[in-house]
Structures are given as structure tokens and as C-alpha cells.
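As stored in start.cif (mmCIF, N, CA and C atoms and all ligand atoms):
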data_coords
#
loop_
_atom_site.label_atom_id
_atom_site.label_comp_id
_atom_site.auth_asym_id
_atom_site.auth_seq_id
_atom_site.Cartn_x
_atom_site.Cartn_y
_atom_site.Cartn_z
N MET A 1 50.20 77.54 132.37
CA MET A 1 50.50 77.26 130.95
C MET A 1 49.24 76.79 130.23
N PRO A 2 48.85 77.46 129.14
CA PRO A 2 47.69 76.97 128.40
C PRO A 2 47.96 75.57 127.83
N GLN A 3 46.91 74.81 127.73
CA GLN A 3 46.98 73.45 127.21
C GLN A 3 46.10 73.37 125.96
N ARG A 4 46.47 72.50 125.02
CA ARG A 4 45.65 72.33 123.81
C ARG A 4 44.89 71.01 123.83
N THR A 5 43.70 71.04 123.28
CA THR A 5 42.94 69.82 123.10
C THR A 5 42.34 69.83 121.70
N PHE A 6 41.85 68.65 121.30
CA PHE A 6 41.26 68.50 119.97
C PHE A 6 39.78 68.16 120.13
N SER A 7 38.95 68.73 119.27
CA SER A 7 37.51 68.49 119.37
C SER A 7 36.88 68.38 117.99
N ILE A 8 35.78 67.65 117.93
CA ILE A 8 34.99 67.53 116.69
C ILE A 8 33.53 67.80 117.01
N VAL A 9 32.88 68.67 116.22
CA VAL A 9 31.42 68.70 116.20
C VAL A 9 31.02 67.60 115.23
N LYS A 10 30.32 66.59 115.73
CA LYS A 10 30.07 65.37 114.96
C LYS A 10 28.92 65.56 113.96
N PRO A 11 28.80 64.64 112.98
CA PRO A 11 27.83 64.82 111.89
C PRO A 11 26.38 64.99 112.34
N ASP A 12 25.99 64.36 113.43
CA ASP A 12 24.59 64.50 113.91
C ASP A 12 24.31 65.95 114.27
N ALA A 13 25.26 66.57 114.99
CA ALA A 13 25.06 67.94 115.45
C ALA A 13 25.12 68.93 114.30
N VAL A 14 26.01 68.68 113.32
CA VAL A 14 26.09 69.57 112.16
C VAL A 14 24.78 69.46 111.37
N ARG A 15 24.35 68.20 111.11
CA ARG A 15 23.10 67.96 110.36
C ARG A 15 21.90 68.62 111.02
N ASN A 16 21.88 68.60 112.34
CA ASN A 16 20.73 69.14 113.08
C ASN A 16 20.82 70.64 113.33
N GLY A 17 21.84 71.29 112.77
CA GLY A 17 21.95 72.75 112.86
C GLY A 17 22.46 73.26 114.19
N HIS A 18 23.23 72.43 114.92
CA HIS A 18 23.70 72.84 116.25
C HIS A 18 25.14 73.38 116.26
N THR A 19 25.77 73.50 115.09
CA THR A 19 27.18 73.92 115.07
C THR A 19 27.37 75.25 115.80
N GLY A 20 26.58 76.25 115.43
CA GLY A 20 26.77 77.58 116.01
C GLY A 20 26.58 77.57 117.52
N ALA A 21 25.56 76.87 118.00
CA ALA A 21 25.30 76.83 119.44
C ALA A 21 26.45 76.14 120.17
N ILE A 22 26.99 75.07 119.59
CA ILE A 22 28.08 74.34 120.25
C ILE A 22 29.35 75.18 120.26
N LEU A 23 29.66 75.84 119.14
CA LEU A 23 30.84 76.72 119.13
C LEU A 23 30.66 77.86 120.14
N GLY A 24 29.42 78.34 120.28
CA GLY A 24 29.14 79.39 121.26
C GLY A 24 29.40 78.94 122.69
N GLU A 25 29.01 77.70 123.01
CA GLU A 25 29.28 77.15 124.36
C GLU A 25 30.78 77.07 124.62
N ILE A 26 31.52 76.64 123.60
CA ILE A 26 32.98 76.49 123.74
C ILE A 26 33.61 77.87 123.94
N ASP A 27 33.14 78.84 123.17
CA ASP A 27 33.65 80.21 123.26
C ASP A 27 33.35 80.81 124.64
N LYS A 28 32.10 80.65 125.08
CA LYS A 28 31.69 81.20 126.38
C LYS A 28 32.50 80.60 127.52
N ALA A 29 32.92 79.34 127.35
CA ALA A 29 33.68 78.66 128.40
C ALA A 29 35.15 79.10 128.42
N GLY A 30 35.53 79.99 127.51
CA GLY A 30 36.86 80.59 127.59
C GLY A 30 37.95 79.93 126.77
N PHE A 31 37.56 79.06 125.84
CA PHE A 31 38.57 78.43 124.98
C PHE A 31 38.95 79.39 123.85
N ARG A 32 40.22 79.34 123.44
CA ARG A 32 40.66 80.05 122.25
C ARG A 32 40.66 79.06 121.08
N PHE A 33 40.13 79.49 119.94
CA PHE A 33 40.14 78.64 118.74
C PHE A 33 41.49 78.78 118.05
N VAL A 34 42.31 77.73 118.17
CA VAL A 34 43.65 77.73 117.57
C VAL A 34 43.55 77.39 116.09
N ALA A 35 42.63 76.48 115.76
CA ALA A 35 42.36 76.08 114.37
C ALA A 35 40.95 75.55 114.30
N LEU A 36 40.32 75.73 113.13
CA LEU A 36 38.94 75.28 112.98
C LEU A 36 38.67 75.06 111.50
N LYS A 37 38.16 73.88 111.13
CA LYS A 37 37.79 73.67 109.73
C LYS A 37 36.61 72.72 109.63
N GLN A 38 35.81 72.95 108.58
CA GLN A 38 34.63 72.12 108.33
C GLN A 38 34.95 71.22 107.14
N GLN A 39 34.73 69.92 107.28
CA GLN A 39 34.98 69.01 106.16
C GLN A 39 34.28 67.68 106.39
N SER A 40 34.15 66.89 105.31
CA SER A 40 33.70 65.51 105.49
C SER A 40 34.93 64.61 105.35
N ILE A 41 34.85 63.42 105.93
CA ILE A 41 36.01 62.51 105.96
C ILE A 41 35.59 61.15 105.42
N SER A 42 36.57 60.37 104.99
CA SER A 42 36.28 59.02 104.49
C SER A 42 36.19 58.05 105.68
N LYS A 43 35.63 56.87 105.41
CA LYS A 43 35.57 55.85 106.47
C LYS A 43 36.99 55.43 106.88
N ARG A 44 37.89 55.36 105.91
CA ARG A 44 39.29 55.00 106.20
C ARG A 44 39.94 56.04 107.12
N GLN A 45 39.65 57.30 106.87
CA GLN A 45 40.21 58.34 107.74
C GLN A 45 39.64 58.22 109.15
N ALA A 46 38.35 57.91 109.25
CA ALA A 46 37.73 57.73 110.57
C ALA A 46 38.36 56.53 111.29
N GLU A 47 38.62 55.45 110.56
CA GLU A 47 39.22 54.25 111.16
C GLU A 47 40.61 54.55 111.73
N GLY A 48 41.37 55.38 111.02
CA GLY A 48 42.70 55.77 111.50
C GLY A 48 42.61 56.62 112.76
N PHE A 49 41.65 57.52 112.76
CA PHE A 49 41.48 58.41 113.91
C PHE A 49 41.08 57.63 115.15
N TYR A 50 40.16 56.67 114.97
CA TYR A 50 39.63 55.90 116.11
C TYR A 50 40.36 54.55 116.27
N ALA A 51 41.62 54.47 115.81
CA ALA A 51 42.35 53.19 115.84
C ALA A 51 42.35 52.53 117.23
N VAL A 52 42.36 53.34 118.29
CA VAL A 52 42.37 52.74 119.65
C VAL A 52 41.10 51.95 119.93
N HIS A 53 40.03 52.22 119.18
CA HIS A 53 38.76 51.51 119.41
C HIS A 53 38.56 50.32 118.45
N ARG A 54 39.56 50.07 117.57
CA ARG A 54 39.44 48.95 116.63
C ARG A 54 39.20 47.66 117.41
N GLY A 55 38.25 46.84 116.94
CA GLY A 55 37.96 45.58 117.63
C GLY A 55 36.78 45.70 118.59
N LYS A 56 36.41 46.92 118.95
CA LYS A 56 35.25 47.06 119.85
C LYS A 56 33.96 46.90 119.03
N PRO A 57 32.90 46.47 119.69
CA PRO A 57 31.66 46.18 118.94
C PRO A 57 31.09 47.39 118.20
N PHE A 58 31.36 48.59 118.69
CA PHE A 58 30.77 49.78 118.06
C PHE A 58 31.68 50.41 116.99
N PHE A 59 32.88 49.80 116.76
CA PHE A 59 33.89 50.46 115.91
C PHE A 59 33.39 50.72 114.48
N ASP A 60 32.82 49.70 113.85
CA ASP A 60 32.42 49.87 112.45
C ASP A 60 31.30 50.89 112.30
N ALA A 61 30.29 50.80 113.15
CA ALA A 61 29.17 51.75 113.10
C ALA A 61 29.65 53.17 113.40
N LEU A 62 30.59 53.29 114.32
CA LEU A 62 31.12 54.61 114.67
C LEU A 62 31.83 55.24 113.45
N CYS A 63 32.63 54.43 112.75
CA CYS A 63 33.37 54.97 111.60
C CYS A 63 32.43 55.29 110.44
N GLU A 64 31.38 54.47 110.26
CA GLU A 64 30.34 54.79 109.25
C GLU A 64 29.69 56.13 109.59
N PHE A 65 29.31 56.27 110.85
CA PHE A 65 28.64 57.49 111.30
C PHE A 65 29.54 58.71 111.10
N MET A 66 30.80 58.60 111.48
CA MET A 66 31.69 59.77 111.42
C MET A 66 31.99 60.18 109.98
N SER A 67 31.78 59.23 109.03
CA SER A 67 32.00 59.58 107.62
C SER A 67 30.67 59.83 106.90
N SER A 68 29.60 60.02 107.65
CA SER A 68 28.26 60.16 107.05
C SER A 68 27.87 61.60 106.75
N GLY A 69 28.71 62.55 107.08
CA GLY A 69 28.33 63.95 106.85
C GLY A 69 29.43 64.89 107.29
N THR A 70 29.12 66.16 107.22
CA THR A 70 30.11 67.19 107.54
C THR A 70 30.47 67.19 109.02
N LEU A 71 31.75 67.45 109.29
CA LEU A 71 32.26 67.60 110.66
C LEU A 71 32.88 68.98 110.81
N VAL A 72 32.99 69.45 112.05
CA VAL A 72 33.82 70.61 112.34
C VAL A 72 34.96 70.14 113.24
N LEU A 73 36.18 70.30 112.73
CA LEU A 73 37.38 69.85 113.45
C LEU A 73 38.04 71.08 114.09
N MET A 74 38.44 70.95 115.35
CA MET A 74 38.96 72.13 116.06
C MET A 74 40.13 71.79 116.97
N VAL A 75 41.04 72.73 117.07
CA VAL A 75 42.05 72.71 118.14
C VAL A 75 41.72 73.87 119.07
N LEU A 76 41.62 73.58 120.35
CA LEU A 76 41.19 74.56 121.36
C LEU A 76 42.26 74.71 122.41
N GLU A 77 42.33 75.90 122.99
CA GLU A 77 43.40 76.16 123.97
C GLU A 77 42.88 76.94 125.17
N LYS A 78 43.28 76.54 126.34
CA LYS A 78 43.07 77.28 127.59
C LYS A 78 43.82 76.54 128.69
N GLU A 79 43.88 77.10 129.88
CA GLU A 79 44.38 76.37 131.04
C GLU A 79 43.48 75.14 131.24
N ASN A 80 44.06 73.99 131.46
CA ASN A 80 43.27 72.80 131.80
C ASN A 80 42.26 72.43 130.71
N ALA A 81 42.63 72.65 129.44
CA ALA A 81 41.69 72.50 128.32
C ALA A 81 41.08 71.10 128.21
N ILE A 82 41.90 70.08 128.43
CA ILE A 82 41.43 68.71 128.19
C ILE A 82 40.30 68.37 129.16
N ALA A 83 40.55 68.56 130.44
CA ALA A 83 39.54 68.23 131.45
C ALA A 83 38.34 69.17 131.36
N ASP A 84 38.61 70.46 131.12
CA ASP A 84 37.49 71.42 131.08
C ASP A 84 36.57 71.16 129.90
N LEU A 85 37.13 70.78 128.75
CA LEU A 85 36.26 70.48 127.60
C LEU A 85 35.42 69.24 127.89
N ARG A 86 36.04 68.23 128.51
CA ARG A 86 35.28 67.00 128.78
C ARG A 86 34.14 67.26 129.78
N LYS A 87 34.38 68.18 130.71
CA LYS A 87 33.31 68.56 131.64
C LYS A 87 32.18 69.28 130.90
N LEU A 88 32.56 70.18 129.99
CA LEU A 88 31.57 70.93 129.21
C LEU A 88 30.78 70.00 128.29
N MET A 89 31.45 68.94 127.78
CA MET A 89 30.77 67.99 126.87
C MET A 89 29.74 67.15 127.61
N GLY A 90 30.07 66.70 128.82
CA GLY A 90 29.20 65.77 129.56
C GLY A 90 29.53 64.32 129.21
N ALA A 91 28.84 63.40 129.85
CA ALA A 91 29.12 61.96 129.70
C ALA A 91 28.92 61.50 128.26
N THR A 92 29.71 60.46 127.87
CA THR A 92 29.63 59.90 126.50
C THR A 92 28.19 59.57 126.14
N ASN A 93 27.48 58.91 127.06
CA ASN A 93 26.08 58.59 126.83
C ASN A 93 25.22 59.78 127.31
N PRO A 94 24.53 60.45 126.39
CA PRO A 94 23.77 61.65 126.80
C PRO A 94 22.75 61.37 127.89
N ALA A 95 22.32 60.13 128.01
CA ALA A 95 21.37 59.77 129.07
C ALA A 95 21.99 60.00 130.45
N ASN A 96 23.32 59.92 130.53
CA ASN A 96 24.01 60.11 131.81
C ASN A 96 24.64 61.50 131.94
N ALA A 97 24.44 62.35 130.94
CA ALA A 97 25.12 63.66 130.94
C ALA A 97 24.40 64.64 131.86
N GLU A 98 25.21 65.47 132.52
CA GLU A 98 24.63 66.47 133.44
C GLU A 98 23.89 67.55 132.69
N GLU A 99 22.90 68.11 133.34
CA GLU A 99 22.13 69.25 132.82
C GLU A 99 23.07 70.37 132.39
N GLY A 100 22.79 70.97 131.26
CA GLY A 100 23.60 72.12 130.81
C GLY A 100 24.80 71.74 129.96
N THR A 101 25.20 70.45 129.97
CA THR A 101 26.35 70.05 129.15
C THR A 101 25.95 69.98 127.68
N ILE A 102 26.95 70.00 126.81
CA ILE A 102 26.69 69.98 125.36
C ILE A 102 25.96 68.70 124.97
N ARG A 103 26.38 67.57 125.50
CA ARG A 103 25.72 66.32 125.11
C ARG A 103 24.30 66.25 125.66
N LYS A 104 24.07 66.77 126.85
CA LYS A 104 22.70 66.78 127.38
C LYS A 104 21.78 67.58 126.45
N GLN A 105 22.32 68.71 125.96
CA GLN A 105 21.49 69.59 125.13
C GLN A 105 21.34 69.09 123.70
N PHE A 106 22.41 68.51 123.13
CA PHE A 106 22.42 68.32 121.68
C PHE A 106 22.61 66.88 121.20
N ALA A 107 22.95 65.94 122.08
CA ALA A 107 23.24 64.57 121.62
C ALA A 107 21.98 63.72 121.67
N SER A 108 21.92 62.70 120.80
CA SER A 108 20.73 61.85 120.79
C SER A 108 21.01 60.42 121.22
N SER A 109 22.26 59.95 121.15
CA SER A 109 22.55 58.58 121.57
C SER A 109 24.03 58.46 121.93
N ILE A 110 24.43 57.29 122.44
CA ILE A 110 25.84 57.11 122.83
C ILE A 110 26.74 57.23 121.61
N GLN A 111 26.25 56.85 120.44
CA GLN A 111 27.06 57.00 119.22
C GLN A 111 26.92 58.41 118.64
N GLU A 112 25.70 58.84 118.47
CA GLU A 112 25.46 60.16 117.87
C GLU A 112 25.44 61.19 119.00
N ASN A 113 26.65 61.44 119.52
CA ASN A 113 26.75 62.20 120.77
C ASN A 113 27.34 63.60 120.60
N ALA A 114 27.14 64.15 119.41
CA ALA A 114 27.32 65.59 119.13
C ALA A 114 28.75 66.13 119.12
N ILE A 115 29.60 65.64 120.00
CA ILE A 115 30.93 66.24 120.13
C ILE A 115 31.95 65.20 120.61
N HIS A 116 33.18 65.37 120.15
CA HIS A 116 34.32 64.57 120.64
C HIS A 116 35.31 65.52 121.31
N GLY A 117 35.98 65.05 122.34
CA GLY A 117 37.09 65.80 122.93
C GLY A 117 38.16 64.83 123.37
N SER A 118 39.42 65.20 123.18
CA SER A 118 40.54 64.32 123.58
C SER A 118 40.46 64.00 125.06
N ASP A 119 40.93 62.79 125.45
CA ASP A 119 40.80 62.39 126.86
C ASP A 119 42.10 62.49 127.64
N ALA A 120 43.21 62.81 126.98
CA ALA A 120 44.50 62.90 127.70
C ALA A 120 45.50 63.65 126.83
N GLU A 121 46.65 64.03 127.42
CA GLU A 121 47.63 64.82 126.65
C GLU A 121 48.18 64.05 125.46
N ASP A 122 48.44 62.75 125.62
CA ASP A 122 49.02 62.00 124.50
C ASP A 122 48.01 61.82 123.38
N THR A 123 46.74 61.59 123.71
CA THR A 123 45.74 61.45 122.65
C THR A 123 45.47 62.80 121.99
N ALA A 124 45.52 63.89 122.75
CA ALA A 124 45.33 65.22 122.16
C ALA A 124 46.44 65.47 121.13
N ALA A 125 47.68 65.14 121.46
CA ALA A 125 48.79 65.38 120.53
C ALA A 125 48.60 64.54 119.26
N PHE A 126 48.22 63.27 119.42
CA PHE A 126 47.97 62.42 118.24
C PHE A 126 46.84 62.99 117.39
N GLU A 127 45.74 63.36 118.04
CA GLU A 127 44.54 63.79 117.31
C GLU A 127 44.77 65.13 116.59
N ILE A 128 45.48 66.06 117.24
CA ILE A 128 45.80 67.35 116.58
C ILE A 128 46.65 67.08 115.34
N GLY A 129 47.66 66.24 115.50
CA GLY A 129 48.56 65.95 114.38
C GLY A 129 47.90 65.15 113.28
N TYR A 130 46.87 64.37 113.62
CA TYR A 130 46.17 63.57 112.61
C TYR A 130 45.40 64.47 111.64
N TRP A 131 44.80 65.55 112.14
CA TRP A 131 43.90 66.37 111.33
C TRP A 131 44.47 67.71 110.91
N PHE A 132 45.53 68.17 111.58
CA PHE A 132 46.04 69.51 111.27
C PHE A 132 47.55 69.49 111.05
N ALA A 133 47.97 70.30 110.06
CA ALA A 133 49.40 70.53 109.84
C ALA A 133 49.82 71.68 110.76
N GLY A 134 51.09 71.73 111.07
CA GLY A 134 51.62 72.75 111.98
C GLY A 134 51.25 74.17 111.54
N TYR A 135 51.28 74.42 110.22
CA TYR A 135 51.03 75.78 109.74
C TYR A 135 49.58 76.21 109.91
N GLU A 136 48.68 75.25 110.20
CA GLU A 136 47.27 75.61 110.41
C GLU A 136 46.98 76.04 111.86
N LEU A 137 47.94 75.85 112.74
CA LEU A 137 47.73 76.13 114.16
C LEU A 137 48.19 77.55 114.44
N ILE A 138 47.24 78.42 114.70
CA ILE A 138 47.55 79.85 114.77
C ILE A 138 47.35 80.37 116.19
P1 LIG A 201 34.06 59.79 121.35
O1 LIG A 201 34.34 60.67 122.50
O2 LIG A 201 34.21 60.37 119.98
O3 LIG A 201 35.00 58.50 121.43
C1 LIG A 201 34.63 57.27 120.89
C2 LIG A 201 33.23 57.25 120.40
O4 LIG A 201 32.69 55.97 120.26
C3 LIG A 201 32.32 57.92 121.43
O5 LIG A 201 32.56 59.28 121.47
C4 LIG A 201 30.97 57.48 120.93
O6 LIG A 201 30.53 58.24 119.81
C5 LIG A 201 31.31 56.07 120.50
N1 LIG A 201 31.02 55.12 121.55
C6 LIG A 201 31.64 54.97 122.71
N2 LIG A 201 31.13 53.98 123.44
C7 LIG A 201 30.17 53.48 122.69
C8 LIG A 201 29.27 52.42 122.88
N3 LIG A 201 29.28 51.69 123.99
N4 LIG A 201 28.40 52.19 121.90
C9 LIG A 201 28.41 52.93 120.77
N5 LIG A 201 29.27 53.96 120.54
C10 LIG A 201 30.12 54.22 121.50
#
Representation of the structure as C-alpha cells:
Amino acid sequence: MPQRTFSIVKPDAVRNGHTGAILGEIDKAGFRFVALKQQSISKRQAEGFYAVHRGKPFFDALCEFMSSGTLVLMVLEKENAIADLRKLMGATNPANAEEGTIRKQFASSIQENAIHGSDAEDTAAFEIGYWFAGYELI
């Protein structure tokens, strides 16, 4: 059964011109693009999205960063999508990311780490519903 996950190309990667290369890596890895849109978001919208991280020391800076420029929001589908995307992304801190992963290639710091991917089925469902209406999922 195919599984869906949610992903964001973050503002650092969009600003640095890496959108096409990152979408290419995702495509090559066999994901189907169920939905995809480019937009900027408010700090309030970022705070709602990252509500599970509220109270952590990096929360405010993270929400400032995520509202600092254009993002690409995506719903992706394949067998084992959640785990496979996280493997393709590499470790949160690019310093610890494996060679060939998206973060190793395109991220510059633990905050400006190029890409987000859902970490579990329940968070994927929340994140897809936060950014996309049912009619946008094709
Ligand atoms: P992401 O996968 O989008 O989930 C939460 C984000 O918070 C993470 O990627 C990083 O961008 C950021 N983040 C996580 N841990 C830290 C940290 N220790 N310091 C700064 N930012 C962090």
C-alpha cells in the first residue's frame, strides 16, 4: 500500500536556487507528487505548523526562518514514503548527514537544513491537512 508523507523545501534552499535539484532527487527516488505548491507563509502559520516544538529554545528562530522567504510545500507518495524520505533527507544537522543525502548536499546548518519531512504517520496526516485541502490532493 502506498503511503503519503509531507515535505517542505525550506527558504534557504529556495533562496539558494536548489529547488529543482531537490525535486529531482525526490523524483529519482520514486516518489509521486500528489500535490505541490510554492508560497510564503506568516510567522503565525509557521508557529501552528511547528506547535510540537513550542517551548524549545530554537522555536522562535525556526518560525522566523520559515516565514523569511518562499517555500515549496509537497505531498509525496510511495511505499514506505515516510521512512524513505527521511533517509533521502539525511540527519537534521547537515554536519551529521550521510554523503549523497539532500541535507549533506544542500543544507547549511541545523536550522537552515533545506528540507522538512514528516516523522510518523500521525504527524504526516496533521501536516498534510494543515497545508492542503482535500481537493488539492490528486
Ligand atoms: P524539521 O525537520 O523541519 O523539524 C524541526 C526543525 O527545527 C528542524 O527541521 C530544524 O530546522 C529545526 N531544529 C531542530 N533541532 C534544532 C536545534 N537543535 N537547533 C536549531 N534548530 C533545530
- prompt: What do you get as number ranges by chain if you pick all residues at most 7 Å from ligand LIG 201 (chain A), counting only N, CA and C atoms and all ligand atoms?
  reply: A: 57-59, 62, 92, 109-118
- prompt: Can you find the residues with an atom no farther than 12 Å from (40.4, 55.1, 118.3), counting only C-alpha atoms, and report them as number ranges by chain?
  reply: A: 45-56, 58-60, 62-63, 116, 118-119, 123-124, 126-127, 130
query: In Å to one decimal, how far is CA of Glu25 in chain A from CA of Lys78 in chain A?
result: 14.2 Å
- request: Determine which residues of range 71-114 of chain A DSSP labels as alpha helix (DSSP H) from the backbone of this structure, then write them out as a PyMOL selection string.
  value: chain A and resi 81-89+102-106
Taking 2 positions as the minimum chain separation for residues in the same chain, which residues sit within 5 Å of range 32-34 of chain A when counting all atoms listed in the file? Answer as a compact mmCIF listing (two decimals) with N, CA and C atoms, in the frame of the given file.
# COMPACT_ATOMS: atom_id res chain seq x y z
N GLY A 30 35.53 79.99 127.51
CA GLY A 30 36.86 80.59 127.59
C GLY A 30 37.95 79.93 126.77
N LEU A 36 40.32 75.73 113.13
CA LEU A 36 38.94 75.28 112.98
C LEU A 36 38.67 75.06 111.50
N VAL A 75 41.04 72.73 117.07
CA VAL A 75 42.05 72.71 118.14
C VAL A 75 41.72 73.87 119.07
N LEU A 76 41.62 73.58 120.35
CA LEU A 76 41.19 74.56 121.36
C LEU A 76 42.26 74.71 122.41
N GLU A 77 42.33 75.90 122.99
CA GLU A 77 43.40 76.16 123.97
C GLU A 77 42.88 76.94 125.17
N LEU A 137 47.94 75.85 112.74
CA LEU A 137 47.73 76.13 114.16
C LEU A 137 48.19 77.55 114.44
N ILE A 138 47.24 78.42 114.70
CA ILE A 138 47.55 79.85 114.77
C ILE A 138 47.35 80.37 116.19
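Comparing the minimum interatomic distances between Arg44 in chain A and each of A:Ser67, A:Thr101, A:Asn93, A:Ser108, counting all atoms listed in the file, we find that A:Ser67 sits nearest.
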Return the padded bounding box of range 4-13 of chain A as AutoDock Vina command-line options: axis-aligned, built from all atoms listed in the file, 6 Å added on each side, with centre and edge lengths in Å to one decimal.
--center_x 35.4 --center_y 68.4 --center_z 118.5 --size_x 34.2 --size_y 20.1 --size_z 25.1
message: Run DSSP on the backbone and tell me which residues of range 73-128 of chain A come out as strand (DSSP E or B); list them as a PyMOL selection string.
response: chain A and resi 73-78+115-117
I need the chosen residues saved as a short mmCIF file (atom, residue, chain, number, x, y, z; two decimals), in the frame of the given file, with N, CA and C atoms.
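Contents of the output file part-v2.cif:
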data_model
loop_
_atom_site.label_atom_id
_atom_site.label_comp_id
_atom_site.auth_asym_id
_atom_site.auth_seq_id
_atom_site.Cartn_x
_atom_site.Cartn_y
_atom_site.Cartn_z
N LEU A 73 36.18 70.30 112.73
CA LEU A 73 37.38 69.85 113.45
C LEU A 73 38.04 71.08 114.09
N MET A 74 38.44 70.95 115.35
CA MET A 74 38.96 72.13 116.06
C MET A 74 40.13 71.79 116.97
N VAL A 75 41.04 72.73 117.07
CA VAL A 75 42.05 72.71 118.14
C VAL A 75 41.72 73.87 119.07
N LEU A 76 41.62 73.58 120.35
CA LEU A 76 41.19 74.56 121.36
C LEU A 76 42.26 74.71 122.41
N GLU A 77 42.33 75.90 122.99
CA GLU A 77 43.40 76.16 123.97
C GLU A 77 42.88 76.94 125.17
N LYS A 78 43.28 76.54 126.34
CA LYS A 78 43.07 77.28 127.59
C LYS A 78 43.82 76.54 128.69
N ILE A 115 29.60 65.64 120.00
CA ILE A 115 30.93 66.24 120.13
C ILE A 115 31.95 65.20 120.61
N HIS A 116 33.18 65.37 120.15
CA HIS A 116 34.32 64.57 120.64
C HIS A 116 35.31 65.52 121.31
N GLY A 117 35.98 65.05 122.34
CA GLY A 117 37.09 65.80 122.93
C GLY A 117 38.16 64.83 123.37
#
message: So that I can check the surroundings of Met74 in chain A, please list as a list in words every protein, DNA and RNA residue that reaches within 7 Å of it, counting only C-alpha atoms and ignoring chain neighbours fewer than 6 positions away.
response: Phe6, Ser7, Ile8, Ala35, Leu36 and Lys37 of chain A
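Nearest to Val72 in chain A of all the residues A:Pro2, A:Pro11, A:Gly90, A:Gly17 is A:Pro11, based on all atoms listed in the file.
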- prompt: Of the candidates A:Lys10, A:Arg15, A:Arg103, A:Lys43, which shows the shortest atom-to-atom distance to Glu64 in chain A, using only C-alpha atoms?
  reply: A:Lys43
task: May I ask which of the residues A:Leu73, A:Ala13, A:Tyr135, A:Ala61 is the closest one to Gln38 in chain A, counting only N, CA and C atoms?
output: A:Leu73
- request: One decimal, Å: what's the distance from CA of Leu85 in chain A over to atom N of Leu71 in chain A, could you say?
  value: 19.1 Å
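Using only N, CA and C atoms, the shortest contact distance between Ile41 in chain A and any of A:Ile26, A:Ala125, A:Met66, A:Ala21 is found at A:Met66.
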- request: Between CA of Gly129 in chain A and atom C of Gln105 in chain A, measure the distance and give it in Å to one decimal.
  value: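 Rounded to one decimal, the two atoms are 28.9 Å apart.
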message: I need the residue nearest Leu23 in chain A from this list: A:Ala81, A:Ala95, A:Ile102, A:Arg4. Use only C-alpha atoms for the distance.
response: A:Ile102
